[in-house]
>>> print(open('query11.pdb').read())   # PDB, C-alpha atoms and all ligand atoms
ATOM      1  CA  MET A  30       0.000   0.000   0.000
ATOM      2  CA  LYS A  31       1.231   3.496  -0.879
ATOM      3  CA  ARG A  32       1.641   5.893   1.989
ATOM      4  CA  ASN A  33       1.940   9.674   2.105
ATOM      5  CA  SER A  34       2.755  11.945   5.018
ATOM      6  CA  SER A  35      -0.095  12.800   7.404
ATOM      7  CA  LYS A  36      -1.589  16.279   7.806
ATOM      8  CA  HIS A  37      -3.991  15.249  10.498
ATOM      9  CA  GLY A  38      -1.977  15.663  13.649
ATOM     10  CA  THR A  39      -3.136  12.208  14.808
ATOM     11  CA  ARG A  40      -1.530   8.899  14.005
ATOM     12  CA  SER A  41      -2.685   7.619  10.595
ATOM     13  CA  PRO A  42      -2.098   4.419   8.599
ATOM     14  CA  ILE A  43       0.256   6.442   6.476
ATOM     15  CA  GLN A  44       2.798   6.341   9.298
ATOM     16  CA  ASN A  45       2.532   2.591   9.570
ATOM     17  CA  ALA A  46       5.101   1.504   7.048
ATOM     18  CA  THR A  47       5.092  -2.149   8.060
ATOM     19  CA  PHE A  48       1.436  -3.030   7.597
ATOM     20  CA  ASP A  49       0.564  -4.607   4.232
ATOM     21  CA  LEU A  50      -3.134  -4.016   3.550
ATOM     22  CA  ASN A  51      -3.143  -5.956   0.281
ATOM     23  CA  GLU A  52      -1.829  -8.976   2.089
ATOM     24  CA  PHE A  53      -4.386  -8.521   4.890
ATOM     25  CA  LEU A  54      -7.283  -8.201   2.399
ATOM     26  CA  ALA A  55      -6.150 -11.208   0.390
ATOM     27  CA  SER A  56      -5.856 -13.433   3.452
ATOM     28  CA  SER A  57      -9.075 -12.218   5.115
ATOM     29  CA  THR A  58     -11.042 -12.620   1.863
ATOM     30  CA  ALA A  59      -9.702 -16.144   1.346
ATOM     31  CA  ALA A  60     -10.531 -17.111   4.942
ATOM     32  CA  VAL A  61     -14.032 -15.628   4.691
ATOM     33  CA  ASN A  62     -14.713 -17.343   1.359
ATOM     34  CA  ASP A  63     -13.616 -20.719   2.743
ATOM     35  CA  ALA A  64     -15.687 -20.279   5.886
ATOM     36  CA  LEU A  65     -18.781 -19.175   3.944
ATOM     37  CA  ASP A  66     -18.382 -22.197   1.699
ATOM     38  CA  ASP A  67     -18.341 -24.415   4.793
ATOM     39  CA  PHE A  68     -21.248 -22.682   6.543
ATOM     40  CA  LEU A  69     -23.648 -22.658   3.577
ATOM     41  CA  PRO A  70     -25.489 -25.753   2.355
ATOM     42  CA  SER A  71     -23.811 -27.000  -0.822
ATOM     43  CA  ALA A  72     -25.233 -26.128  -4.233
ATOM     44  CA  THR A  73     -26.363 -29.746  -4.614
ATOM     45  CA  THR A  74     -28.344 -29.733  -1.337
ATOM     46  CA  ARG A  75     -32.104 -29.816  -1.960
ATOM     47  CA  PRO A  76     -33.844 -27.589  -2.802
ATOM     48  CA  THR A  77     -30.879 -26.917  -5.070
ATOM     49  CA  THR A  78     -32.332 -23.763  -6.688
ATOM     50  CA  ILE A  79     -32.272 -21.782  -3.463
ATOM     51  CA  HIS A  80     -28.774 -22.896  -2.507
ATOM     52  CA  ARG A  81     -27.464 -22.110  -5.980
ATOM     53  CA  ALA A  82     -29.129 -18.669  -5.813
ATOM     54  CA  MET A  83     -27.695 -17.904  -2.349
ATOM     55  CA  ARG A  84     -24.227 -18.968  -3.448
ATOM     56  CA  TYR A  85     -24.502 -17.131  -6.772
ATOM     57  CA  SER A  86     -24.673 -13.712  -5.099
ATOM     58  CA  LEU A  87     -22.504 -14.559  -2.105
ATOM     59  CA  PHE A  88     -19.611 -15.675  -4.330
ATOM     60  CA  ALA A  89     -20.143 -13.110  -7.102
ATOM     61  CA  GLY A  90     -16.980 -11.189  -6.182
ATOM     62  CA  GLY A  91     -17.921  -8.674  -3.482
ATOM     63  CA  LYS A  92     -15.088  -6.698  -1.921
ATOM     64  CA  ARG A  93     -15.638  -8.339   1.528
ATOM     65  CA  ILE A  94     -15.096  -5.005   3.263
ATOM     66  CA  ARG A  95     -17.410  -5.709   6.199
ATOM     67  CA  PRO A  96     -15.759  -9.051   7.048
ATOM     68  CA  ALA A  97     -12.335  -7.416   6.702
ATOM     69  CA  LEU A  98     -13.401  -4.705   9.160
ATOM     70  CA  CYS A  99     -14.680  -7.357  11.561
ATOM     71  CA  LEU A 100     -11.394  -9.304  11.421
ATOM     72  CA  ALA A 101      -9.342  -6.107  11.701
ATOM     73  CA  ALA A 102     -11.279  -5.040  14.796
ATOM     74  CA  ALA A 103     -10.743  -8.460  16.367
ATOM     75  CA  ALA A 104      -7.002  -8.164  15.714
ATOM     76  CA  ALA A 105      -6.927  -4.664  17.252
ATOM     77  CA  CYS A 106      -8.484  -6.101  20.408
ATOM     78  CA  GLY A 107      -6.016  -8.983  20.609
ATOM     79  CA  GLY A 108      -8.386 -11.614  19.190
ATOM     80  CA  THR A 109      -7.921 -14.261  16.531
ATOM     81  CA  GLN A 110      -9.153 -14.617  12.959
ATOM     82  CA  ALA A 111     -10.779 -17.957  13.863
ATOM     83  CA  GLY A 112     -12.749 -16.362  16.707
ATOM     84  CA  ALA A 113     -14.115 -13.563  14.522
ATOM     85  CA  LEU A 114     -14.731 -15.533  11.300
ATOM     86  CA  PRO A 115     -18.305 -16.718  12.008
ATOM     87  CA  LEU A 116     -19.341 -13.146  12.815
ATOM     88  CA  ALA A 117     -17.542 -11.775   9.736
ATOM     89  CA  CYS A 118     -19.434 -14.338   7.611
ATOM     90  CA  ALA A 119     -22.744 -13.482   9.277
ATOM     91  CA  VAL A 120     -22.335  -9.804   8.430
ATOM     92  CA  GLU A 121     -21.456 -10.628   4.801
ATOM     93  CA  CYS A 122     -24.607 -12.783   4.507
ATOM     94  CA  ILE A 123     -26.743  -9.869   5.732
ATOM     95  CA  HIS A 124     -24.989  -7.460   3.380
ATOM     96  CA  THR A 125     -25.508  -9.790   0.387
ATOM     97  CA  TYR A 126     -29.180 -10.280   1.266
ATOM     98  CA  SER A 127     -29.625  -6.502   1.322
ATOM     99  CA  LEU A 128     -28.013  -6.156  -2.117
ATOM    100  CA  ILE A 129     -30.192  -8.911  -3.648
ATOM    101  CA  HIS A 130     -33.339  -7.212  -2.333
ATOM    102  CA  ASP A 131     -32.085  -3.736  -3.195
ATOM    103  CA  ASP A 132     -31.679  -4.832  -6.844
ATOM    104  CA  LEU A 133     -35.239  -6.186  -7.168
ATOM    105  CA  PRO A 134     -37.633  -4.518  -9.618
ATOM    106  CA  ALA A 135     -39.710  -3.272  -6.650
ATOM    107  CA  MET A 136     -36.621  -1.513  -5.255
ATOM    108  CA  ASP A 137     -33.753  -0.213  -7.416
ATOM    109  CA  ASN A 138     -34.488  -2.528 -10.364
ATOM    110  CA  ASP A 139     -30.881  -3.248 -11.304
ATOM    111  CA  ASP A 140     -29.572  -5.730 -13.862
ATOM    112  CA  TYR A 141     -25.946  -5.889 -12.719
ATOM    113  CA  ARG A 142     -24.238  -6.327  -9.357
ATOM    114  CA  ARG A 143     -20.673  -7.331  -8.557
ATOM    115  CA  GLY A 144     -20.030  -7.426 -12.314
ATOM    116  CA  LYS A 145     -22.631 -10.111 -12.927
ATOM    117  CA  LEU A 146     -26.353 -10.275 -13.707
ATOM    118  CA  THR A 147     -28.408  -9.640 -10.576
ATOM    119  CA  ASN A 148     -29.948 -12.547  -8.704
ATOM    120  CA  HIS A 149     -33.504 -11.985  -9.971
ATOM    121  CA  LYS A 150     -32.243 -11.733 -13.571
ATOM    122  CA  VAL A 151     -30.744 -15.220 -13.266
ATOM    123  CA  PHE A 152     -33.157 -16.994 -10.920
ATOM    124  CA  GLY A 153     -36.373 -14.945 -11.218
ATOM    125  CA  GLU A 154     -37.925 -12.588  -8.674
ATOM    126  CA  GLY A 155     -39.473 -15.215  -6.431
ATOM    127  CA  ILE A 156     -36.236 -17.125  -5.889
ATOM    128  CA  ALA A 157     -34.254 -13.885  -5.498
ATOM    129  CA  ILE A 158     -36.578 -12.760  -2.688
ATOM    130  CA  LEU A 159     -36.210 -16.166  -1.045
ATOM    131  CA  ALA A 160     -32.417 -16.210  -1.513
ATOM    132  CA  GLY A 161     -32.243 -12.848   0.288
ATOM    133  CA  ASP A 162     -34.515 -14.122   3.065
ATOM    134  CA  ALA A 163     -32.462 -17.301   3.389
ATOM    135  CA  LEU A 164     -29.168 -15.391   3.615
ATOM    136  CA  LEU A 165     -30.604 -13.140   6.314
ATOM    137  CA  THR A 166     -31.653 -16.183   8.325
ATOM    138  CA  GLN A 167     -28.374 -17.959   7.586
ATOM    139  CA  ALA A 168     -26.529 -15.035   9.172
ATOM    140  CA  PHE A 169     -28.120 -15.707  12.547
ATOM    141  CA  GLU A 170     -27.509 -19.437  12.265
ATOM    142  CA  ILE A 171     -23.811 -18.754  11.621
ATOM    143  CA  ALA A 172     -23.487 -16.153  14.401
ATOM    144  CA  ALA A 173     -25.009 -18.605  16.858
ATOM    145  CA  GLN A 174     -22.055 -20.923  16.137
ATOM    146  CA  ALA A 175     -19.396 -18.350  17.120
ATOM    147  CA  ALA A 176     -17.323 -19.130  20.209
ATOM    148  CA  LYS A 177     -18.544 -17.309  23.313
ATOM    149  CA  PRO A 178     -16.062 -14.725  24.640
ATOM    150  CA  PRO A 179     -16.068 -14.270  28.443
ATOM    151  CA  ARG A 180     -17.592 -10.754  28.468
ATOM    152  CA  PHE A 181     -20.311 -11.265  25.832
ATOM    153  CA  SER A 182     -23.118 -13.748  25.364
ATOM    154  CA  HIS A 183     -24.476 -15.146  22.098
ATOM    155  CA  LEU A 184     -27.534 -13.043  22.879
ATOM    156  CA  ASP A 185     -25.356  -9.894  22.826
ATOM    157  CA  MET A 186     -23.905 -10.806  19.426
ATOM    158  CA  ILE A 187     -27.245 -11.848  17.895
ATOM    159  CA  LEU A 188     -28.847  -8.667  19.231
ATOM    160  CA  GLU A 189     -26.077  -6.662  17.594
ATOM    161  CA  LEU A 190     -26.822  -8.211  14.183
ATOM    162  CA  ALA A 191     -30.598  -7.960  14.583
ATOM    163  CA  ARG A 192     -30.451  -4.284  15.573
ATOM    164  CA  ALA A 193     -28.168  -3.303  12.702
ATOM    165  CA  SER A 194     -30.338  -5.058  10.101
ATOM    166  CA  GLY A 195     -33.763  -4.241  11.537
ATOM    167  CA  SER A 196     -36.387  -1.558  11.053
ATOM    168  CA  LEU A 197     -34.459   1.050  13.066
ATOM    169  CA  HIS A 198     -31.276   0.787  10.992
ATOM    170  CA  LEU A 199     -30.694  -1.005   7.636
ATOM    171  CA  ILE A 200     -34.395  -1.222   6.791
ATOM    172  CA  ALA A 201     -35.065   2.293   8.139
ATOM    173  CA  GLY A 202     -32.398   3.643   5.793
ATOM    174  CA  GLN A 203     -33.880   1.808   2.849
ATOM    175  CA  VAL A 204     -37.406   3.065   3.669
ATOM    176  CA  ALA A 205     -36.189   6.663   3.929
ATOM    177  CA  ASP A 206     -34.224   6.169   0.690
ATOM    178  CA  LEU A 207     -37.317   4.898  -1.156
ATOM    179  CA  GLU A 208     -39.530   7.648   0.245
ATOM    180  CA  GLY A 209     -36.920  10.289  -0.557
ATOM    181  CA  GLU A 210     -36.731   9.481  -4.291
ATOM    182  CA  GLY A 211     -37.594  12.522  -6.403
ATOM    183  CA  ARG A 212     -37.735  14.753  -3.291
ATOM    184  CA  LYS A 213     -35.291  17.438  -2.292
ATOM    185  CA  LEU A 214     -33.647  16.284   0.928
ATOM    186  CA  SER A 215     -31.532  18.294   3.331
ATOM    187  CA  GLN A 216     -28.006  17.207   4.251
ATOM    188  CA  GLU A 217     -29.354  16.122   7.669
ATOM    189  CA  GLN A 218     -32.012  13.933   6.059
ATOM    190  CA  LEU A 219     -29.395  12.389   3.783
ATOM    191  CA  ARG A 220     -27.156  11.701   6.746
ATOM    192  CA  TYR A 221     -30.074   9.953   8.471
ATOM    193  CA  ILE A 222     -30.347   7.616   5.450
ATOM    194  CA  HIS A 223     -26.594   6.974   5.197
ATOM    195  CA  GLU A 224     -26.207   6.322   8.918
ATOM    196  CA  ARG A 225     -28.849   3.623   8.749
ATOM    197  CA  LYS A 226     -28.499   2.160   5.256
ATOM    198  CA  THR A 227     -24.717   1.821   5.325
ATOM    199  CA  SER A 228     -23.035   2.946   8.515
ATOM    200  CA  ALA A 229     -25.036   0.709  10.885
ATOM    201  CA  LEU A 230     -23.781  -2.532   9.313
ATOM    202  CA  LEU A 231     -20.171  -1.311   9.106
ATOM    203  CA  SER A 232     -20.304  -0.276  12.738
ATOM    204  CA  CYS A 233     -21.866  -3.640  13.620
ATOM    205  CA  SER A 234     -19.005  -5.384  11.760
ATOM    206  CA  VAL A 235     -16.277  -3.780  13.860
ATOM    207  CA  ARG A 236     -18.257  -4.101  17.101
ATOM    208  CA  LEU A 237     -18.746  -7.828  16.497
ATOM    209  CA  GLY A 238     -15.033  -8.211  15.737
ATOM    210  CA  GLY A 239     -14.245  -6.495  19.029
ATOM    211  CA  MET A 240     -16.763  -8.619  20.923
ATOM    212  CA  SER A 241     -15.304 -11.827  19.495
ATOM    213  CA  ALA A 242     -11.970 -10.702  21.005
ATOM    214  CA  ASN A 243     -13.551 -10.029  24.406
ATOM    215  CA  CYS A 244     -12.887  -6.286  24.084
ATOM    216  CA  SER A 245     -13.183  -3.771  26.908
ATOM    217  CA  ALA A 246     -16.067  -1.279  27.102
ATOM    218  CA  ALA A 247     -13.673   1.534  26.108
ATOM    219  CA  HIS A 248     -12.508  -0.342  23.010
ATOM    220  CA  LEU A 249     -16.107  -1.215  22.052
ATOM    221  CA  GLN A 250     -17.009   2.475  22.273
ATOM    222  CA  ALA A 251     -13.973   3.402  20.151
ATOM    223  CA  LEU A 252     -14.943   0.799  17.545
ATOM    224  CA  THR A 253     -18.508   2.134  17.456
ATOM    225  CA  THR A 254     -17.330   5.670  16.707
ATOM    226  CA  PHE A 255     -14.778   4.387  14.196
ATOM    227  CA  GLY A 256     -17.391   2.249  12.401
ATOM    228  CA  ARG A 257     -19.961   5.014  12.304
ATOM    229  CA  ASN A 258     -17.550   7.488  10.700
ATOM    230  CA  VAL A 259     -15.969   5.002   8.300
ATOM    231  CA  GLY A 260     -19.479   3.876   7.342
ATOM    232  CA  LEU A 261     -20.603   7.412   6.594
ATOM    233  CA  ALA A 262     -17.429   8.112   4.611
ATOM    234  CA  PHE A 263     -17.971   4.839   2.716
ATOM    235  CA  GLN A 264     -21.445   5.922   1.592
ATOM    236  CA  VAL A 265     -20.320   9.447   0.650
ATOM    237  CA  ILE A 266     -17.598   7.851  -1.510
ATOM    238  CA  ASP A 267     -20.230   5.484  -2.939
ATOM    239  CA  ASP A 268     -22.325   8.512  -3.942
ATOM    240  CA  ILE A 269     -19.244  10.091  -5.569
ATOM    241  CA  LEU A 270     -18.322   6.916  -7.458
ATOM    242  CA  ASP A 271     -21.864   6.655  -8.833
ATOM    243  CA  VAL A 272     -21.250   9.854 -10.798
ATOM    244  CA  THR A 273     -17.517   9.585 -11.507
ATOM    245  CA  GLN A 274     -17.053   5.916 -12.461
ATOM    246  CA  THR A 275     -18.358   3.749 -15.288
ATOM    247  CA  SER A 276     -20.613   0.709 -14.909
ATOM    248  CA  ALA A 277     -17.683  -1.514 -15.903
ATOM    249  CA  GLN A 278     -15.506  -0.023 -13.159
ATOM    250  CA  LEU A 279     -18.240  -0.396 -10.535
ATOM    251  CA  GLY A 280     -19.593  -3.796 -11.607
ATOM    252  CA  LYS A 281     -23.080  -2.278 -11.263
ATOM    253  CA  THR A 282     -25.039   0.348 -13.177
ATOM    254  CA  ALA A 283     -23.370   3.747 -12.763
ATOM    255  CA  GLY A 284     -25.342   7.002 -12.694
ATOM    256  CA  LYS A 285     -28.429   5.352 -11.210
ATOM    257  CA  ASP A 286     -28.771   7.798  -8.328
ATOM    258  CA  THR A 287     -29.015  10.749 -10.699
ATOM    259  CA  ARG A 288     -31.521   8.983 -12.957
ATOM    260  CA  ALA A 289     -33.648   7.939  -9.979
ATOM    261  CA  LYS A 290     -33.459  11.559  -8.721
ATOM    262  CA  LYS A 291     -31.974  10.316  -5.459
ATOM    263  CA  ALA A 292     -30.563  12.729  -2.941
ATOM    264  CA  THR A 293     -26.808  12.132  -2.729
ATOM    265  CA  TYR A 294     -23.904  14.136  -1.319
ATOM    266  CA  PRO A 295     -22.677  15.249  -4.792
ATOM    267  CA  ALA A 296     -26.233  16.314  -5.689
ATOM    268  CA  ILE A 297     -26.645  18.351  -2.504
ATOM    269  CA  VAL A 298     -23.154  19.810  -1.857
ATOM    270  CA  GLY A 299     -21.215  19.094  -5.079
ATOM    271  CA  LEU A 300     -18.305  16.737  -5.760
ATOM    272  CA  ALA A 301     -15.481  18.745  -4.179
ATOM    273  CA  GLU A 302     -17.337  19.321  -0.894
ATOM    274  CA  SER A 303     -18.413  15.654  -0.859
ATOM    275  CA  ARG A 304     -14.739  14.643  -1.013
ATOM    276  CA  ARG A 305     -13.926  17.037   1.827
ATOM    277  CA  ILE A 306     -16.751  15.554   3.904
ATOM    278  CA  ALA A 307     -15.463  12.000   3.281
ATOM    279  CA  GLU A 308     -11.954  13.104   4.315
ATOM    280  CA  ARG A 309     -13.293  14.744   7.484
ATOM    281  CA  LEU A 310     -15.226  11.608   8.408
ATOM    282  CA  THR A 311     -12.152   9.432   7.826
ATOM    283  CA  ARG A 312     -10.121  11.733  10.048
ATOM    284  CA  LYS A 313     -12.744  11.331  12.794
ATOM    285  CA  ALA A 314     -12.491   7.562  12.325
ATOM    286  CA  PHE A 315      -8.683   7.709  12.824
ATOM    287  CA  ASP A 316      -9.178   9.850  15.935
ATOM    288  CA  ALA A 317     -11.561   7.256  17.371
ATOM    289  CA  LEU A 318      -8.743   4.699  17.281
ATOM    290  CA  LYS A 319      -6.594   6.614  19.824
ATOM    291  CA  PRO A 320      -7.418   4.199  22.688
ATOM    292  CA  PHE A 321      -5.681   1.451  20.657
ATOM    293  CA  ARG A 322      -2.366   3.357  20.900
ATOM    294  CA  GLY A 323      -1.217   2.358  17.412
ATOM    295  CA  ARG A 324      -2.235  -1.291  17.748
ATOM    296  CA  ALA A 325      -5.012  -1.093  15.125
ATOM    297  CA  PRO A 326      -2.976  -0.911  11.897
ATOM    298  CA  ALA A 327      -5.466  -2.930   9.835
ATOM    299  CA  LEU A 328      -8.355  -0.655  10.846
ATOM    300  CA  GLU A 329      -6.305   2.439  10.051
ATOM    301  CA  ALA A 330      -5.221   1.089   6.685
ATOM    302  CA  LEU A 331      -8.765   0.025   5.815
ATOM    303  CA  ALA A 332     -10.165   3.478   6.588
ATOM    304  CA  GLN A 333      -7.535   5.072   4.368
ATOM    305  CA  HIS A 334      -8.111   2.506   1.620
ATOM    306  CA  LEU A 335     -11.905   3.028   1.643
ATOM    307  CA  LEU A 336     -11.441   6.776   1.255
ATOM    308  CA  GLY A 337      -9.400   6.271  -1.909
ATOM    309  CA  ARG A 338     -11.327   3.344  -3.410
ATOM    310  CA  LYS A 339     -12.375   3.431  -7.067
ATOM    311  CA  SER A 340     -15.076   0.734  -7.009
TER     312      SER A 340
HETATM  313  C1  LIG A 401     -36.131  -6.002   3.145
HETATM  314  C2  LIG A 401     -37.189  -5.781   0.846
HETATM  315  C3  LIG A 401     -36.064  -5.520   1.757
HETATM  316  C4  LIG A 401     -34.986  -4.859   1.309
HETATM  317  C5  LIG A 401     -33.814  -4.569   2.069
HETATM  318  C6  LIG A 401     -31.857  -2.969   3.324
HETATM  319  C7  LIG A 401     -31.928  -3.011   1.864
HETATM  320  C8  LIG A 401     -32.937  -3.815   1.178
HETATM  321  C9  LIG A 401     -31.112  -2.358   1.080
HETATM  322  C10 LIG A 401     -30.029  -1.483   1.562
HETATM  323  C11 LIG A 401     -28.749  -2.017   1.013
HETATM  324  C12 LIG A 401     -27.878  -1.014   0.342
HETATM  325  C13 LIG A 401     -27.889  -0.992  -1.130
HETATM  326  C14 LIG A 401     -27.059  -0.260   1.078
HETATM  327  C15 LIG A 401     -26.040   0.574   0.499
HETATM  328  C16 LIG A 401     -24.713   0.138   1.038
HETATM  329  C17 LIG A 401     -23.676  -0.036  -0.030
HETATM  330  C18 LIG A 401     -22.866   1.140  -0.414
HETATM  331  C19 LIG A 401     -23.515  -1.214  -0.584
HETATM  332  C20 LIG A 401     -22.409  -1.589  -1.501
HETATM  333  O1  LIG A 401     -21.389  -2.147  -0.676
HETATM  334  P1  LIG A 401     -20.005  -2.663  -1.270
HETATM  335  O2  LIG A 401     -19.429  -1.609  -2.154
HETATM  336  O3  LIG A 401     -20.493  -3.889  -2.165
HETATM  337  O4  LIG A 401     -19.175  -3.132  -0.135
HETATM  338  P2  LIG A 401     -19.753  -5.260  -2.516
HETATM  339  O5  LIG A 401     -20.519  -5.762  -3.704
HETATM  340  O6  LIG A 401     -18.312  -4.988  -2.836
HETATM  341  O7  LIG A 401     -19.921  -6.150  -1.319
END
>>> encode(input="query11.pdb", output="structure tokens")
Amino acid sequence: MKRNSSKHGTRSPIQNATFDLNEFLASSTAAVNDALDDFLPSATTRPTTIHRAMRYSLFAGGKRIRPALCLAAAAACGGTQAGALPLACAVECIHTYSLIHDDLPAMDNDDYRRGKLTNHKVFGEGIAILAGDALLTQAFEIAAQAAKPPRFSHLDMILELARASGSLHLIAGQVADLEGEGRKLSQEQLRYIHERKTSALLSCSVRLGGMSANCSAAHLQALTTFGRNVGLAFQVIDDILDVTQTSAQLGKTAGKDTRAKKATYPAIVGLAESRRIAERLTRKAFDALKPFRGRAPALEALAQHLLGRKS
């Protein structure tokens, strides 16, 4: 990973010359893919259509950012990859479910996702709805199999997942997004959507990683603030990429937000200010990591990487 000098006054990943993010992402993605393959019923398990549909979207080539954040948070808290893996997989199942449903004709009506035809285009709407439902349920089944750390119960971890994906967070964001289409939203209203639609699950990812490592209350609080700010920055960058990148670069239809008359950061404050906002949020995320005293290099590098991502 390339590193520049920091202007932020706080410690940033840039100063961590020894951490190799590419290596971390490659190994965490491989571990998550293997574990997901083990957790999910095989494609030949009956009814085969649903298992093929679940696997189709799950292994379509997502960036695996949420699992990486979960594993990075576990490492920052002194935990192991093995301890965090079930929770990292659970979060990825919820994320993939949300994408399958988001692409449905009744929602965003998209033909491409992760560089491939969307689930409903391949399997039909009925199976796509069921594949999303099954992945959501699968997430809880997987989380229930995580090892129990001394400070947290399975109930704590399941509650964490349920809250992030329920009607106060992920679904709330999607509802506000749907209802906001074609309407002029304020920056505060847009932030409400982003905090719920995107930030909640990223924050949940790092919190679960911390919990798997039996983290302290202070570290859990730091991870919450980190996840919230990285999550918001992630969605602001997503809004920017929708207008600056091509469909081929994104692996999904570019320019959809503009066509759907969706409120986005570039639409409300312009591209340059959107970039500044994403940088400010990333800086806040770095600041939140202070309690780790430099022992969260993967989290730092991920935050920096997400700010500069191109897809
Ligand atoms: C319950 C009917 C029903 C629908 C739920 C909750 C929901 C649908 C949709 C919200 C999901 C959504 C599109 C959130 C936006 C978050 C976002 C930027 C997703 C893209 O994440 P990446 O870039 O994707 O990490 P990959 O494909 O790399 O995993």
>>> closest_residue(input="query11.pdb", among="A:Lys226, A:Lys319, A:Arg305, A:His334", to="ligand LIG 401 (chain A)", atoms="only C-alpha atoms and all ligand atoms")
A:Lys226
>>> residues_near_ligand(input="query11.pdb", ligand="ligand LIG 401 (chain A)", cutoff="8 Å", atoms="all atoms listed in the file", output="count of residues only")
33
>>> closest_residue(input="query11.pdb", among="A:Ala277, A:Ala172, A:Leu197, A:Leu100", to="Ala325 of chain A", atoms="only C-alpha atoms")
A:Leu100
>>> resolve_selection(input="query11.pdb", expression="the PyMOL selection byres (((chain A and resi 178) around 12) and not hetatm)", output="list of chain:residue names")
A:Ala103, A:Gly108, A:Thr109, A:Gly112, A:Ala113, A:Ala175, A:Ala176, A:Lys177, A:Pro179, A:Arg180, A:Phe181, A:Ser182, A:His183, A:Leu184, A:Asp185, A:Met186, A:Leu237, A:Gly238, A:Gly239, A:Met240, A:Ser241, A:Ala242, A:Asn243, A:Cys244, A:Ser245
>>> residues_around(input="query11.pdb", residues="segment 282-298 of chain A", least_positions_apart="5", cutoff="12 Å", atoms="only C-alpha atoms", output="PyMOL selection string")
chain A and resi 132+136-147+205-223+261-277+303-307+340
>>> closest_residue(input="query11.pdb", among="A:Ala332, A:Cys118, A:Ala327, A:Ala111", to="Thr311 of chain A", atoms="only C-alpha atoms")
A:Ala332
>>> atom_distance(input="query11.pdb", atom1="atom CA of Leu230 of chain A", atom2="atom CA of Gly107 of chain A")
22.0 Å
>>> atom_distance(input="query11.pdb", atom1="atom CA of Arg192 of chain A", atom2="atom CA of Ala102 of chain A")
19.2 Å
>>> atom_distance(input="query11.pdb", atom1="atom CA of Val61 of chain A", atom2="atom CA of Lys339 of chain A")
22.5 Å
>>> resolve_selection(input="query11.pdb", expression="the PyMOL selection byres (((chain A and resi 162) around 10) and not hetatm)", output="list of chain:residue names")
A:Met83, A:Ile123, A:Tyr126, A:Ser127, A:Ile129, A:His130, A:Ile156, A:Ala157, A:Ile158, A:Leu159, A:Ala160, A:Gly161, A:Ala163, A:Leu164, A:Leu165, A:Thr166, A:Gln167
>>> closest_residue(input="query11.pdb", among="A:Cys106, A:Ala173, A:Ala101, A:Val235", to="Phe53 of chain A", atoms="only C-alpha atoms")
A:Ala101
>>> axis_aligned_box(input="query11.pdb", around="segment 254-267 of chain A", padding_each_side="5 Å", output="lines of an AutoDock Vina configuration file")
center_x = -18.1
center_y = 5.8
center_z = 6.9
size_x = 16.7
size_y = 17.2
size_z = 29.6
